[in-house]
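Engineer: Sharing query.cif below, mmCIF, C-alpha atoms:
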data_my_file
loop_
_atom_site.group_PDB
_atom_site.id
_atom_site.type_symbol
_atom_site.label_atom_id
_atom_site.label_comp_id
_atom_site.auth_asym_id
_atom_site.auth_seq_id
_atom_site.Cartn_x
_atom_site.Cartn_y
_atom_site.Cartn_z
ATOM 1 C CA MET A 14 97.973 97.725 90.709
ATOM 2 C CA THR A 15 100.337 97.696 93.677
ATOM 3 C CA LEU A 16 101.833 101.160 94.088
ATOM 4 C CA LEU A 17 103.768 100.716 97.348
ATOM 5 C CA ALA A 18 105.180 97.368 98.447
ATOM 6 C CA VAL A 19 107.055 97.000 101.728
ATOM 7 C CA GLU A 20 108.547 93.542 102.209
ATOM 8 C CA ASP A 21 110.210 92.141 105.331
ATOM 9 C CA LEU A 22 111.237 95.634 106.481
ATOM 10 C CA GLU A 23 113.607 95.800 109.439
ATOM 11 C CA ALA A 24 114.687 99.158 110.839
ATOM 12 C CA GLY A 25 115.882 100.807 114.009
ATOM 13 C CA TYR A 26 117.869 103.486 115.786
ATOM 14 C CA GLU A 27 121.009 103.568 117.875
ATOM 15 C CA THR A 28 118.843 102.577 120.832
ATOM 16 C CA GLY A 29 117.765 99.362 119.153
ATOM 17 C CA GLN A 30 115.723 97.668 116.452
ATOM 18 C CA VAL A 31 112.085 98.770 116.083
ATOM 19 C CA LEU A 32 110.708 96.996 113.005
ATOM 20 C CA PHE A 33 110.922 93.236 112.582
ATOM 21 C CA GLY A 34 109.880 92.034 109.142
ATOM 22 C CA VAL A 35 107.048 94.435 108.318
ATOM 23 C CA ASP A 36 105.048 93.620 105.181
ATOM 24 C CA LEU A 37 102.437 95.970 103.768
ATOM 25 C CA ASP A 38 101.219 97.274 100.441
ATOM 26 C CA VAL A 39 99.071 100.083 99.088
ATOM 27 C CA GLU A 40 97.241 99.846 95.787
ATOM 28 C CA ALA A 41 97.009 102.783 93.395
ATOM 29 C CA GLY A 42 94.232 105.099 94.561
ATOM 30 C CA GLU A 43 93.740 103.214 97.831
ATOM 31 C CA LEU A 44 93.388 104.717 101.317
ATOM 32 C CA VAL A 45 95.024 102.531 103.981
ATOM 33 C CA SER A 46 95.699 103.077 107.664
ATOM 34 C CA LEU A 47 98.508 101.785 109.867
ATOM 35 C CA LEU A 48 97.290 101.500 113.444
ATOM 36 C CA GLY A 49 98.972 100.624 116.709
ATOM 37 C CA ARG A 50 99.773 101.723 120.219
ATOM 38 C CA ASN A 51 102.521 104.224 121.084
ATOM 39 C CA GLY A 52 105.904 102.709 120.326
ATOM 40 C CA ALA A 53 104.561 100.058 117.960
ATOM 41 C CA GLY A 54 106.722 101.373 115.093
ATOM 42 C CA LYS A 55 104.157 103.284 113.028
ATOM 43 C CA THR A 56 106.160 106.487 112.549
ATOM 44 C CA THR A 57 109.336 104.474 112.010
ATOM 45 C CA THR A 58 107.605 102.688 109.129
ATOM 46 C CA LEU A 59 106.557 105.953 107.464
ATOM 47 C CA ARG A 60 109.984 107.530 107.949
ATOM 48 C CA GLY A 61 111.610 104.470 106.453
ATOM 49 C CA ILE A 62 109.410 104.708 103.364
ATOM 50 C CA ALA A 63 110.061 108.457 103.054
ATOM 51 C CA GLY A 64 113.844 107.977 103.215
ATOM 52 C CA ALA A 65 114.397 109.990 106.397
ATOM 53 C CA ALA A 66 117.902 110.061 107.901
ATOM 54 C CA GLU A 67 116.543 107.955 110.740
ATOM 55 C CA PRO A 68 115.656 105.118 111.158
ATOM 56 C CA THR A 69 118.400 102.992 109.657
ATOM 57 C CA ILE A 70 117.045 100.362 107.298
ATOM 58 C CA LEU A 71 118.493 97.044 108.438
ATOM 59 C CA GLY A 72 116.825 94.734 105.947
ATOM 60 C CA GLY A 73 113.946 94.180 103.565
ATOM 61 C CA THR A 74 112.839 96.139 100.523
ATOM 62 C CA ILE A 75 110.634 99.151 99.798
ATOM 63 C CA ARG A 76 109.324 99.430 96.242
ATOM 64 C CA PHE A 77 107.263 102.190 94.672
ATOM 65 C CA ASP A 78 105.648 101.455 91.333
ATOM 66 C CA GLY A 79 108.014 98.510 91.031
ATOM 67 C CA GLU A 80 111.210 100.503 91.653
ATOM 68 C CA ARG A 81 113.330 99.972 94.751
ATOM 69 C CA LEU A 82 113.507 102.963 97.118
ATOM 70 C CA ASN A 83 116.039 101.650 99.614
ATOM 71 C CA GLY A 84 118.923 104.100 99.916
ATOM 72 C CA ASP A 85 117.278 106.912 97.943
ATOM 73 C CA PRO A 86 117.437 110.360 99.620
ATOM 74 C CA PRO A 87 114.154 112.040 100.621
ATOM 75 C CA TYR A 88 114.219 114.521 97.719
ATOM 76 C CA ARG A 89 114.513 111.687 95.207
ATOM 77 C CA ILE A 90 111.653 109.787 96.828
ATOM 78 C CA ALA A 91 109.548 112.962 96.692
ATOM 79 C CA GLN A 92 110.386 113.353 92.995
ATOM 80 C CA ARG A 93 109.140 109.830 92.376
ATOM 81 C CA GLY A 94 105.702 110.876 93.660
ATOM 82 C CA ILE A 95 105.598 110.385 97.432
ATOM 83 C CA SER A 96 104.639 113.267 99.742
ATOM 84 C CA PHE A 97 105.259 112.926 103.498
ATOM 85 C CA VAL A 98 103.386 114.958 106.121
ATOM 86 C CA PRO A 99 105.228 114.390 109.426
ATOM 87 C CA GLU A 100 103.576 114.532 112.810
ATOM 88 C CA ASP A 101 105.095 117.959 113.604
ATOM 89 C CA ARG A 102 103.720 119.391 110.283
ATOM 90 C CA ARG A 103 106.841 121.499 109.566
ATOM 91 C CA CYS A 104 105.065 124.527 108.150
ATOM 92 C CA PHE A 105 107.300 127.563 107.724
ATOM 93 C CA PRO A 106 106.118 129.788 110.600
ATOM 94 C CA ARG A 107 107.106 133.156 109.121
ATOM 95 C CA LEU A 108 105.510 132.445 105.736
ATOM 96 C CA SER A 109 101.868 132.941 104.862
ATOM 97 C CA VAL A 110 99.499 130.201 103.748
ATOM 98 C CA VAL A 111 100.040 131.062 100.081
ATOM 99 C CA GLU A 112 103.821 131.399 100.509
ATOM 100 C CA ASN A 113 104.016 127.969 102.162
ATOM 101 C CA ILE A 114 102.060 126.367 99.326
ATOM 102 C CA ARG A 115 103.951 128.214 96.595
ATOM 103 C CA LEU A 116 107.243 127.051 98.101
ATOM 104 C CA ALA A 117 106.052 123.466 97.704
ATOM 105 C CA ILE A 118 104.895 124.187 94.143
ATOM 106 C CA ASN A 119 108.262 125.722 93.228
ATOM 107 C CA HIS A 120 110.196 122.675 94.435
ATOM 108 C CA ALA A 121 108.004 120.012 92.811
ATOM 109 C CA GLU A 122 108.106 118.447 89.389
ATOM 110 C CA GLY A 123 104.738 118.860 87.653
ATOM 111 C CA PRO A 124 102.988 120.437 90.664
ATOM 112 C CA LYS A 125 99.340 121.320 91.026
ATOM 113 C CA ASP A 126 98.446 124.987 90.649
ATOM 114 C CA LEU A 127 97.579 127.146 93.647
ATOM 115 C CA LYS A 128 93.862 127.394 92.826
ATOM 116 C CA THR A 129 93.469 123.616 92.550
ATOM 117 C CA VAL A 130 95.104 123.173 95.951
ATOM 118 C CA LEU A 131 93.051 125.875 97.666
ATOM 119 C CA ASP A 132 89.820 124.486 96.219
ATOM 120 C CA PHE A 133 90.254 121.568 98.633
ATOM 121 C CA PHE A 134 90.864 123.948 101.560
ATOM 122 C CA PRO A 135 88.309 126.784 101.543
ATOM 123 C CA ALA A 136 89.274 127.676 105.117
ATOM 124 C CA LEU A 137 92.884 128.218 104.011
ATOM 125 C CA ALA A 138 91.751 130.254 101.009
ATOM 126 C CA GLU A 139 90.015 132.648 103.406
ATOM 127 C CA MET A 140 93.228 133.106 105.424
ATOM 128 C CA ARG A 141 95.664 133.035 102.492
ATOM 129 C CA ASP A 142 97.814 135.863 103.896
ATOM 130 C CA LYS A 143 97.916 134.562 107.477
ATOM 131 C CA HIS A 144 101.331 133.464 108.776
ATOM 132 C CA ALA A 145 101.622 129.837 109.814
ATOM 133 C CA ARG A 146 102.884 130.813 113.276
ATOM 134 C CA ASN A 147 99.539 132.509 113.955
ATOM 135 C CA MET A 148 97.447 129.514 112.944
ATOM 136 C CA SER A 149 95.772 126.930 115.159
ATOM 137 C CA GLY A 150 96.895 123.316 115.205
ATOM 138 C CA GLY A 151 94.049 122.279 112.924
ATOM 139 C CA GLU A 152 94.806 125.081 110.470
ATOM 140 C CA GLN A 153 98.483 124.127 110.406
ATOM 141 C CA GLN A 154 97.520 120.507 109.762
ATOM 142 C CA MET A 155 95.411 121.578 106.792
ATOM 143 C CA LEU A 156 98.312 123.669 105.518
ATOM 144 C CA ALA A 157 100.727 120.747 105.837
ATOM 145 C CA ILE A 158 98.385 118.526 103.813
ATOM 146 C CA ALA A 159 97.870 121.330 101.271
ATOM 147 C CA ARG A 160 101.640 121.591 100.773
ATOM 148 C CA ALA A 161 101.830 117.829 100.249
ATOM 149 C CA LEU A 162 98.985 117.996 97.719
ATOM 150 C CA ALA A 163 100.713 120.840 95.852
ATOM 151 C CA ALA A 164 103.524 118.451 94.898
ATOM 152 C CA ASN A 165 100.959 116.395 92.939
ATOM 153 C CA PRO A 166 101.966 113.062 94.504
ATOM 154 C CA ARG A 167 100.760 109.586 93.645
ATOM 155 C CA LEU A 168 101.063 108.550 97.307
ATOM 156 C CA MET A 169 100.633 110.683 100.418
ATOM 157 C CA LEU A 170 102.071 109.554 103.779
ATOM 158 C CA LEU A 171 100.274 111.131 106.738
ATOM 159 C CA ASP A 172 101.642 110.756 110.278
ATOM 160 C CA GLU A 173 99.001 111.272 112.992
ATOM 161 C CA PRO A 174 96.997 113.962 111.119
ATOM 162 C CA PHE A 175 94.250 113.982 113.766
ATOM 163 C CA GLU A 176 96.439 114.173 116.878
ATOM 164 C CA GLY A 177 95.456 116.817 119.404
ATOM 165 C CA LEU A 178 92.630 118.255 117.292
ATOM 166 C CA ALA A 179 89.074 119.061 118.361
ATOM 167 C CA PRO A 180 86.439 116.574 117.117
ATOM 168 C CA TYR A 181 84.894 118.993 114.617
ATOM 169 C CA ILE A 182 88.342 119.718 113.137
ATOM 170 C CA VAL A 183 89.006 115.971 112.916
ATOM 171 C CA ARG A 184 85.811 115.525 110.906
ATOM 172 C CA ASN A 185 86.813 118.379 108.607
ATOM 173 C CA ILE A 186 90.233 116.881 107.924
ATOM 174 C CA GLU A 187 88.670 113.427 107.458
ATOM 175 C CA ASP A 188 86.548 114.934 104.676
ATOM 176 C CA ILE A 189 89.565 116.659 103.091
ATOM 177 C CA ILE A 190 91.632 113.457 103.056
ATOM 178 C CA ALA A 191 88.728 111.464 101.609
ATOM 179 C CA ASP A 192 88.121 114.106 98.927
ATOM 180 C CA ILE A 193 91.787 114.186 97.914
ATOM 181 C CA ASN A 194 91.804 110.401 97.663
ATOM 182 C CA GLU A 195 88.536 110.115 95.725
ATOM 183 C CA GLU A 196 88.711 113.163 93.469
ATOM 184 C CA GLN A 197 92.435 113.207 92.726
ATOM 185 C CA GLY A 198 93.047 109.447 92.875
ATOM 186 C CA ILE A 199 95.956 109.951 95.263
ATOM 187 C CA ALA A 200 96.761 106.889 97.370
ATOM 188 C CA VAL A 201 97.104 107.526 101.109
ATOM 189 C CA LEU A 202 98.927 105.627 103.840
ATOM 190 C CA LEU A 203 97.710 107.048 107.127
ATOM 191 C CA VAL A 204 99.360 106.422 110.503
ATOM 192 C CA GLU A 205 96.921 107.023 113.334
ATOM 193 C CA GLN A 206 95.993 106.222 116.922
ATOM 194 C CA ASN A 207 92.481 107.617 116.524
ATOM 195 C CA VAL A 208 90.885 104.357 115.420
ATOM 196 C CA ALA A 209 87.435 105.862 114.842
ATOM 197 C CA ALA A 210 88.862 108.527 112.529
ATOM 198 C CA ALA A 211 90.908 105.932 110.643
ATOM 199 C CA MET A 212 87.844 103.746 110.159
ATOM 200 C CA ALA A 213 85.913 106.769 108.887
ATOM 201 C CA VAL A 214 88.270 107.266 105.929
ATOM 202 C CA ALA A 215 90.368 104.154 105.240
ATOM 203 C CA ASP A 216 89.427 101.161 103.093
ATOM 204 C CA ARG A 217 91.520 98.729 105.113
ATOM 205 C CA HIS A 218 93.911 98.690 108.031
ATOM 206 C CA TYR A 219 97.198 97.208 109.129
ATOM 207 C CA VAL A 220 97.649 96.712 112.865
ATOM 208 C CA LEU A 221 101.245 97.043 114.040
ATOM 209 C CA ASP A 222 102.307 95.568 117.379
ATOM 210 C CA GLU A 223 105.863 95.688 118.733
ATOM 211 C CA GLY A 224 107.317 96.193 115.268
ATOM 212 C CA ARG A 225 105.376 93.421 113.555
ATOM 213 C CA ILE A 226 102.154 93.349 111.539
ATOM 214 C CA ALA A 227 99.607 91.655 113.801
ATOM 215 C CA ALA A 228 96.603 91.954 111.468
ATOM 216 C CA SER A 229 95.458 93.217 108.090
ATOM 217 C CA VAL A 230 91.704 93.800 107.997
ATOM 218 C CA PRO A 231 89.031 95.726 106.104
ATOM 219 C CA THR A 232 87.115 98.440 107.946
ATOM 220 C CA GLU A 233 84.035 96.275 108.523
ATOM 221 C CA ARG A 234 86.082 93.540 110.196
ATOM 222 C CA LEU A 235 87.950 96.043 112.387
ATOM 223 C CA ARG A 236 84.675 97.628 113.459
ATOM 224 C CA GLU A 237 83.146 94.272 114.384
ATOM 225 C CA ASP A 238 86.200 92.627 115.997
ATOM 226 C CA GLU A 239 86.204 94.086 119.498
ATOM 227 C CA GLU A 240 88.749 91.520 120.695
ATOM 228 C CA LEU A 241 91.263 92.603 118.038
ATOM 229 C CA ARG A 242 90.786 96.287 118.880
ATOM 230 C CA GLN A 243 91.164 95.736 122.607
ATOM 231 C CA ARG A 244 94.166 93.443 122.279
ATOM 232 C CA TYR A 245 96.244 95.605 119.976
ATOM 233 C CA LEU A 246 94.717 99.095 120.049
ATOM 234 C CA GLY A 247 93.287 99.413 123.548
ATOM 235 C CA VAL A 248 89.826 100.463 122.292
#
Can the structure from this file be put into structure tokens for me?
Structural biologist:
Amino acid sequence: MTLLAVEDLEAGYETGQVLFGVDLDVEAGELVSLLGRNGAGKTTTLRGIAGAAEPTILGGTIRFDGERLNGDPPYRIAQRGISFVPEDRRCFPRLSVVENIRLAINHAEGPKDLKTVLDFFPALAEMRDKHARNMSGGEQQMLAIARALAANPRLMLLDEPFEGLAPYIVRNIEDIIADINEEQGIAVLLVEQNVAAAMAVADRHYVLDEGRIAASVPTERLREDEELRQRYLGV
């Protein structure tokens, strides 16, 4: 069953148009990546789906579980079952791990309980009283994903979750994302430049180039097609 359907999406900012007819979909329970170089339009696509103030949607449709999202405010989109983890994580620095998660629980409809969330993040459970401002980048990334999970979404949007993290932390977060997807049945749309990490977790991949979908391929094809990776991803 198609959970998210983006059709002919056009979007941009005051500086100009960024997306030109993007088409993509995510099935219920699926884990999909959106890959591309810097400036390809990956974050713009996620922000458009999440209903952020920017970019401006210029055309096309975004549907979630068959219902049109265009024009809905972010809180309404979240209520429908979409959690968005932005690149800057946006943890509350003066709140502890537990306080950050409880804040998400208190603002969600039908949230997961604290224990269920922390079961996926044993490292966070051990530092439950630590303030976010005193956490490493990898710890903050785990906390941001934990807050998204607490809302009990049907679809999780993750923007560059592996950026700037040490390899062993990347592997840890890969495992967490895969576990959330497999054990909770939560669909994931993952924006990433780390192609190896994306291939480690995602079932299939969209390749975005200059605001247009250049390819849609399963992991095996992406791994084998060196020409495609070099042409559009530089790897």
Engineer: As a PDB file with C-alpha atoms, in the frame of the given file, please: the residues near A:Ala24 (cut-off 10 Å, only C-alpha atoms, same-chain neighbours under 5 positions excluded).
Structural biologist:
ATOM      1  CA  GLY A  29     117.765  99.362 119.153  1.00  0.00           C
ATOM      2  CA  GLN A  30     115.723  97.668 116.452  1.00  0.00           C
ATOM      3  CA  VAL A  31     112.085  98.770 116.083  1.00  0.00           C
ATOM      4  CA  LEU A  32     110.708  96.996 113.005  1.00  0.00           C
ATOM      5  CA  PHE A  33     110.922  93.236 112.582  1.00  0.00           C
ATOM      6  CA  GLY A  34     109.880  92.034 109.142  1.00  0.00           C
ATOM      7  CA  VAL A  35     107.048  94.435 108.318  1.00  0.00           C
ATOM      8  CA  GLY A  54     106.722 101.373 115.093  1.00  0.00           C
ATOM      9  CA  THR A  57     109.336 104.474 112.010  1.00  0.00           C
ATOM     10  CA  THR A  58     107.605 102.688 109.129  1.00  0.00           C
ATOM     11  CA  GLY A  61     111.610 104.470 106.453  1.00  0.00           C
ATOM     12  CA  GLU A  67     116.543 107.955 110.740  1.00  0.00           C
ATOM     13  CA  PRO A  68     115.656 105.118 111.158  1.00  0.00           C
ATOM     14  CA  THR A  69     118.400 102.992 109.657  1.00  0.00           C
ATOM     15  CA  ILE A  70     117.045 100.362 107.298  1.00  0.00           C
ATOM     16  CA  LEU A  71     118.493  97.044 108.438  1.00  0.00           C
ATOM     17  CA  GLY A  72     116.825  94.734 105.947  1.00  0.00           C
ATOM     18  CA  GLY A  73     113.946  94.180 103.565  1.00  0.00           C
ATOM     19  CA  GLY A 224     107.317  96.193 115.268  1.00  0.00           C
TER      20      GLY A 224
END
Engineer: Return the single residue from A:Val19, A:Leu171, A:Ile186, A:Leu82 that is closest to A:Val201, with distances computed using only C-alpha atoms.
Structural biologist: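 The answer is A:Leu171, which sits nearest to A:Val201.
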Engineer: Point out the residue among A:Tyr219, A:Tyr245, A:Phe77, A:Phe175 with the least atom-to-atom distance to A:Gly94, counting all atoms listed in the file.
Structural biologist: A:Phe77
Engineer: Please enumerate the residues selected by the PyMOL selection byres ((chain A and resi 204) around 9) when evaluated against the supplied file, formatted as a ChimeraX atom specification.
Structural biologist: /A:45-49,55-56,59,170-174,202-203,205-206,211
Engineer: Smallest atom-to-atom distance to A:Asn51: which of A:Ala164, A:Leu241, A:Leu221, A:Leu137, using all atoms listed in the file?
Structural biologist: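 Distance minimum relative to A:Asn51 lands on A:Leu221.
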Engineer: Pick from A:Ala53, A:Gly64, A:Met212, A:Ala200: nearest to A:Arg167, with only C-alpha atoms counted?
Structural biologist: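 Result for the nearest residue to A:Arg167: A:Ala200.
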Engineer: So, with all atoms listed in the file as the atoms that count, which of A:Arg217, A:Phe97, A:Phe105, A:Pro124 lies closest to A:Val39?
Structural biologist: A:Arg217
Engineer: Suppose you want the space between atom CA of A:Ala191 and atom CA of A:Ala136; what is it in Å?
Structural biologist: 16.6 Å
Engineer: Give me the residues near A:Val111 as a list in words, where near means some atom within 10 Å (using all atoms listed in the file) and where sequence neighbours in that chain fewer than 6 positions away do not count.
Structural biologist: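 So the residues in contact are Ala117, Leu127, Leu131, Leu137, Ala138, Met140, Arg141, Asp142, Lys143, His144, Ala145, Leu156 and Arg160 of chain A.
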Engineer: Expanded to explicit residues, what is the PyMOL selection byres ((chain A and resi 75) around 7) for this file, as a ChimeraX atom specification?
Structural biologist: /A:18-20,62,74,76-77,81-83
Engineer: Can you pull out the residues contacting A:Glu187? Cut-off 10 Å, using only C-alpha atoms, and skip same-chain residues under 3 positions away; I want them as a ChimeraX atom specification.
Structural biologist: /A:174-175,181-184,190-192,210-211,213-215
Engineer: Residues of the last selection are to be written out with C-alpha atoms, as a short mmCIF file (atom, residue, chain, number, x, y, z; two decimals), in the coordinates of the input.
Structural biologist:
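Here's the written file result20.cif:
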data_model
loop_
_atom_site.label_atom_id
_atom_site.label_comp_id
_atom_site.auth_asym_id
_atom_site.auth_seq_id
_atom_site.Cartn_x
_atom_site.Cartn_y
_atom_site.Cartn_z
CA PRO A 174 97.00 113.96 111.12
CA PHE A 175 94.25 113.98 113.77
CA TYR A 181 84.89 118.99 114.62
CA ILE A 182 88.34 119.72 113.14
CA VAL A 183 89.01 115.97 112.92
CA ARG A 184 85.81 115.52 110.91
CA ILE A 190 91.63 113.46 103.06
CA ALA A 191 88.73 111.46 101.61
CA ASP A 192 88.12 114.11 98.93
CA ALA A 210 88.86 108.53 112.53
CA ALA A 211 90.91 105.93 110.64
CA ALA A 213 85.91 106.77 108.89
CA VAL A 214 88.27 107.27 105.93
CA ALA A 215 90.37 104.15 105.24
#
Engineer: Any idea what the distance is between atom CA of A:Gly123 and atom CA of A:Leu162?
Structural biologist: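 Between these atoms lies a distance of 11.6 Å.
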Engineer: Need to verify the contact set: A:Pro86, 9 Å, all atoms listed in the file, exclusion of same-chain residues closer than 6 positions in sequence. Can you return it as number ranges by chain?
Structural biologist: A: 63-66
Engineer: Might you spell out which residues the PyMOL selection byres ((chain A and resi 96) around 7) would select in the displayed file, as a PyMOL selection string?
Structural biologist: chain A and resi 91+94-95+97-98+161+166+168-170
Engineer: Take the residues from that selection and put them in a file with C-alpha atoms, as a CSV table (one decimal), in the frame of the given file.
Structural biologist:
chain,number,residue,atom,x,y,z
A,91,ALA,CA,109.5,113.0,96.7
A,94,GLY,CA,105.7,110.9,93.7
A,95,ILE,CA,105.6,110.4,97.4
A,97,PHE,CA,105.3,112.9,103.5
A,98,VAL,CA,103.4,115.0,106.1
A,161,ALA,CA,101.8,117.8,100.2
A,166,PRO,CA,102.0,113.1,94.5
A,168,LEU,CA,101.1,108.6,97.3
A,169,MET,CA,100.6,110.7,100.4
A,170,LEU,CA,102.1,109.6,103.8
Engineer: How many Å separate atom CA of A:Val230 from atom CA of A:His218?
Structural biologist: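 If I compute the distance from atom CA of A:Val230 to atom CA of A:His218, I get 5.4 Å.
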Engineer: Taking 4 positions as the minimum chain separation for residues in the same chain, which residues sit within 12 Å of A:Gln243 when counting all atoms listed in the file? Answer as a PyMOL selection string.
Structural biologist: chain A and resi 49-50+208+220+235-239+247-248
Engineer: I'd like to know which of A:Glu40, A:Asp85, A:Asp188, A:Asp101 is closest to A:Phe133, using all atoms listed in the file.
Structural biologist: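 Checking each candidate against A:Phe133, we get A:Asp188 as the closest.
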Engineer: Start from the incomplete input, build N, CA and C atoms for stretch 121-135 of chain A, and deliver everything as a CSV table (one decimal), keeping the file's coordinate frame.
Structural biologist:
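Result file is result-v9.csv:
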chain,number,residue,atom,x,y,z
A,121,ALA,N,108.5,121.3,93.3
A,121,ALA,CA,108.0,120.0,92.8
A,121,ALA,C,108.1,119.9,91.3
A,122,GLU,N,108.1,118.7,90.8
A,122,GLU,CA,108.1,118.4,89.4
A,122,GLU,C,106.7,118.2,89.0
A,123,GLY,N,106.1,119.0,88.1
A,123,GLY,CA,104.7,118.9,87.7
A,123,GLY,C,103.7,119.1,88.8
A,124,PRO,N,103.9,120.2,89.5
A,124,PRO,CA,103.0,120.4,90.7
A,124,PRO,C,101.6,120.8,90.3
A,125,LYS,N,100.7,120.8,91.2
A,125,LYS,CA,99.3,121.3,91.0
A,125,LYS,C,99.4,122.8,91.2
A,126,ASP,N,98.4,123.5,90.5
A,126,ASP,CA,98.4,125.0,90.6
A,126,ASP,C,97.8,125.4,92.0
A,127,LEU,N,98.0,126.6,92.4
A,127,LEU,CA,97.6,127.1,93.6
A,127,LEU,C,96.1,127.1,93.8
A,128,LYS,N,95.3,127.4,92.7
A,128,LYS,CA,93.9,127.4,92.8
A,128,LYS,C,93.3,126.0,93.1
A,129,THR,N,93.9,125.0,92.4
A,129,THR,CA,93.5,123.6,92.6
A,129,THR,C,93.7,123.2,94.0
A,130,VAL,N,94.8,123.5,94.6
A,130,VAL,CA,95.1,123.2,96.0
A,130,VAL,C,94.1,123.8,96.9
A,131,LEU,N,93.9,125.1,96.7
A,131,LEU,CA,93.1,125.9,97.7
A,131,LEU,C,91.6,125.5,97.5
A,132,ASP,N,91.2,124.9,96.4
A,132,ASP,CA,89.8,124.5,96.2
A,132,ASP,C,89.5,123.4,97.2
A,133,PHE,N,90.5,122.6,97.6
A,133,PHE,CA,90.3,121.6,98.6
A,133,PHE,C,90.2,122.1,100.1
A,134,PHE,N,90.7,123.4,100.2
A,134,PHE,CA,90.9,123.9,101.6
A,134,PHE,C,90.3,125.3,101.6
A,135,PRO,N,88.9,125.5,101.5
A,135,PRO,CA,88.3,126.8,101.5
A,135,PRO,C,88.7,127.6,102.8
